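K.L.:
Sharing protein_39.pdb here; it has PDB, C-alpha atoms.
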```pdb
MODEL        1
ATOM      1  CA  MET A   1     199.982  75.874  86.727
ATOM      2  CA  GLU A   2     203.186  75.760  84.771
ATOM      3  CA  SER A   3     204.241  78.663  82.584
ATOM      4  CA  ILE A   4     204.230  76.601  79.357
ATOM      5  CA  LEU A   5     201.066  74.935  78.121
ATOM      6  CA  SER A   6     201.105  71.290  77.120
ATOM      7  CA  ASP A   7     199.780  70.235  73.747
ATOM      8  CA  ARG A   8     196.658  68.866  75.470
ATOM      9  CA  ASP A   9     196.104  72.166  77.293
ATOM     10  CA  ARG A  10     196.332  74.104  74.029
ATOM     11  CA  ARG A  11     193.907  71.667  72.382
ATOM     12  CA  VAL A  12     191.477  72.038  75.302
ATOM     13  CA  LEU A  13     191.591  75.827  75.008
ATOM     14  CA  GLU A  14     191.110  75.682  71.250
ATOM     15  CA  PHE A  15     188.183  73.290  71.715
ATOM     16  CA  GLU A  16     186.652  75.504  74.398
ATOM     17  CA  ARG A  17     186.873  78.451  72.014
ATOM     18  CA  VAL A  18     184.878  76.688  69.254
ATOM     19  CA  TRP A  19     182.968  73.830  70.921
ATOM     20  CA  TRP A  20     179.597  75.293  69.950
ATOM     21  CA  GLN A  21     180.449  74.538  66.308
ATOM     22  CA  HIS A  22     180.359  70.787  67.049
ATOM     23  CA  SER A  23     177.112  68.998  66.475
ATOM     24  CA  GLY A  24     175.568  67.245  69.454
ATOM     25  CA  ALA A  25     176.173  67.607  73.151
ATOM     26  CA  LYS A  26     179.391  69.137  74.437
ATOM     27  CA  GLU A  27     179.964  66.209  76.803
ATOM     28  CA  GLN A  28     179.939  63.733  73.922
ATOM     29  CA  ALA A  29     182.248  65.976  71.891
ATOM     30  CA  VAL A  30     184.652  66.059  74.866
ATOM     31  CA  ARG A  31     184.650  62.245  75.037
ATOM     32  CA  ASP A  32     185.183  61.967  71.283
ATOM     33  CA  GLU A  33     187.908  64.624  71.079
ATOM     34  CA  PHE A  34     189.896  63.956  74.261
ATOM     35  CA  GLY A  35     188.781  60.600  75.632
ATOM     36  CA  LEU A  36     188.021  62.326  78.944
ATOM     37  CA  SER A  37     184.992  62.293  81.181
ATOM     38  CA  PRO A  38     183.181  65.616  81.274
ATOM     39  CA  THR A  39     184.151  65.972  84.960
ATOM     40  CA  ARG A  40     187.860  65.630  84.213
ATOM     41  CA  TYR A  41     187.578  67.975  81.224
ATOM     42  CA  TYR A  42     185.961  70.683  83.356
ATOM     43  CA  GLN A  43     188.637  70.231  86.026
ATOM     44  CA  ILE A  44     191.259  70.908  83.348
ATOM     45  CA  VAL A  45     189.353  73.943  82.064
ATOM     46  CA  ALA A  46     189.041  75.298  85.618
ATOM     47  CA  ALA A  47     192.788  74.952  86.180
ATOM     48  CA  LEU A  48     193.520  76.610  82.843
ATOM     49  CA  THR A  49     191.169  79.478  83.697
ATOM     50  CA  ASP A  50     193.586  80.452  86.494
ATOM     51  CA  SER A  51     196.745  79.823  84.460
ATOM     52  CA  SER A  52     198.947  82.732  83.418
ATOM     53  CA  ALA A  53     200.207  80.640  80.485
ATOM     54  CA  ALA A  54     196.623  80.133  79.288
ATOM     55  CA  LEU A  55     195.939  83.854  79.701
ATOM     56  CA  THR A  56     198.956  84.608  77.503
ATOM     57  CA  PHE A  57     197.887  81.977  74.949
ATOM     58  CA  ASP A  58     194.291  83.229  74.568
ATOM     59  CA  PRO A  59     193.462  86.255  76.727
ATOM     60  CA  MET A  60     189.941  86.785  75.337
ATOM     61  CA  LEU A  61     188.907  83.182  76.006
ATOM     62  CA  ILE A  62     190.379  83.121  79.496
ATOM     63  CA  LYS A  63     188.755  86.440  80.435
ATOM     64  CA  ARG A  64     185.409  85.082  79.152
ATOM     65  CA  LEU A  65     185.818  81.860  81.145
ATOM     66  CA  GLN A  66     186.677  83.882  84.254
ATOM     67  CA  ARG A  67     183.559  86.060  83.786
ATOM     68  CA  VAL A  68     181.353  82.985  83.350
ATOM     69  CA  ARG A  69     182.865  81.366  86.456
ATOM     70  CA  ASP A  70     182.473  84.534  88.516
ATOM     71  CA  THR A  71     178.857  84.995  87.385
ATOM     72  CA  ARG A  72     178.002  81.396  88.301
ATOM     73  CA  MET A  73     179.682  81.730  91.688
ATOM     74  CA  ALA A  74     177.775  84.945  92.409
ATOM     75  CA  ALA A  75     174.472  83.340  91.404
ATOM     76  CA  ARG A  76     175.218  80.301  93.573
ATOM     77  CA  SER A  77     176.047  82.548  96.534
ATOM     78  CA  ALA A  78     172.867  84.553  96.016
ATOM     79  CA  ARG A  79     170.787  81.355  96.048
ATOM     80  CA  LEU A  80     172.483  80.165  99.218
ATOM     81  CA  LEU A  81     171.927  83.508 100.945
ATOM     82  CA  SER A  82     168.369  84.188  99.773
ATOM     83  CA  PRO A  83     165.959  84.547 102.722
ATOM     84  CA  GLY A  84     162.752  82.583 103.120
ATOM     85  CA  GLU A  85     163.795  79.248 101.672
TER      86      GLU A  85
ENDMDL
END
```
Hey, can you dump this file as structure tokens for me?
P.N.:
Amino acid sequence: MESILSDRDRRVLEFERVWWQHSGAKEQAVRDEFGLSPTRYYQIVAALTDSSAALTFDPMLIKRLQRVRDTRMAARSARLLSPGE
């Protein structure tokens, strides 16, 4: 990812920081705010999660997103490796 965030990237990070304050479902808020499908939005968030520019812009948010991602990946791996299924 580039070293300077675009305006859209900054808006996505700001939205991700406060999305829970929006009424209704997050997916609908994403459509309303950005005109993006939820899939595309989450692709952007995933790319930003690994971006050094995003880490500089909002280190607490990026570290939280990385923890959430890592926890989900570990849980997914544990389900795939669990014996007896």
K.L.:
To one decimal place in Å, what is the distance between CA of Val45 (chain A) and CA of Leu13 (chain A)?
P.N.:
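These two atoms are separated by 7.6 Å.
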K.L.:
Have a look at CA of Leu65 (chain A) and CA of Leu5 (chain A) and let me know their distance in Å, one decimal.
P.N.:
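CA of Leu5 (chain A) lies at a distance of 17.0 Å from CA of Leu65 (chain A).
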K.L.:
Smallest atom-to-atom distance to Leu36 (chain A): which of A:Ala74, A:Leu81, A:Lys63, A:Arg8, using all atoms listed in the file?
P.N.:
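Smallest separation from Leu36 (chain A) among the options: A:Arg8.
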K.L.:
In Å, with one decimal, what is the gap from CA of Leu48 (chain A) to CA of Arg10 (chain A)?
P.N.:
9.6 Å
K.L.:
So that I can check the surroundings of Phe57 (chain A), please list as number ranges by chain every protein, DNA and RNA residue that reaches within 10 Å of it, counting only C-alpha atoms and ignoring chain neighbours fewer than 3 positions away.
P.N.:
A: 4-5, 10, 13-14, 51-54, 60-62
K.L.:
Which neighbours of Asp9 (chain A) fall inside 12 Å, counting only C-alpha atoms, when residues of the same chain fewer than 6 positions from it are skipped, and could you give them as JSON, numbers by chain?
P.N.:
{"A": [1, 2, 3, 15, 16, 34, 41, 42, 43, 44, 45, 46, 47, 48, 49, 51, 53, 54, 55, 57, 58]}
K.L.:
Take the residues from that selection and put them in a file with C-alpha atoms, as a PDB file, in the frame of the given file.
P.N.:
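Result went into again.pdb, see below:
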```pdb
ATOM      1  CA  MET A   1     199.982  75.874  86.727  1.00  0.00           C
ATOM      2  CA  GLU A   2     203.186  75.760  84.771  1.00  0.00           C
ATOM      3  CA  SER A   3     204.241  78.663  82.584  1.00  0.00           C
ATOM      4  CA  PHE A  15     188.183  73.290  71.715  1.00  0.00           C
ATOM      5  CA  GLU A  16     186.652  75.504  74.398  1.00  0.00           C
ATOM      6  CA  PHE A  34     189.896  63.956  74.261  1.00  0.00           C
ATOM      7  CA  TYR A  41     187.578  67.975  81.224  1.00  0.00           C
ATOM      8  CA  TYR A  42     185.961  70.683  83.356  1.00  0.00           C
ATOM      9  CA  GLN A  43     188.637  70.231  86.026  1.00  0.00           C
ATOM     10  CA  ILE A  44     191.259  70.908  83.348  1.00  0.00           C
ATOM     11  CA  VAL A  45     189.353  73.943  82.064  1.00  0.00           C
ATOM     12  CA  ALA A  46     189.041  75.298  85.618  1.00  0.00           C
ATOM     13  CA  ALA A  47     192.788  74.952  86.180  1.00  0.00           C
ATOM     14  CA  LEU A  48     193.520  76.610  82.843  1.00  0.00           C
ATOM     15  CA  THR A  49     191.169  79.478  83.697  1.00  0.00           C
ATOM     16  CA  SER A  51     196.745  79.823  84.460  1.00  0.00           C
ATOM     17  CA  ALA A  53     200.207  80.640  80.485  1.00  0.00           C
ATOM     18  CA  ALA A  54     196.623  80.133  79.288  1.00  0.00           C
ATOM     19  CA  LEU A  55     195.939  83.854  79.701  1.00  0.00           C
ATOM     20  CA  PHE A  57     197.887  81.977  74.949  1.00  0.00           C
ATOM     21  CA  ASP A  58     194.291  83.229  74.568  1.00  0.00           C
TER      22      ASP A  58
END
```
K.L.:
Can you report as JSON the centre and edge lengths in Å, to one decimal, of an axis-aligned box around the listed atoms of region 18-30 of chain A padded with 8 Å on each side?
P.N.:
```
{"center_x": 180.2, "center_y": 70.2, "center_z": 71.6, "size_x": 25.3, "size_y": 29.0, "size_z": 26.5}
```
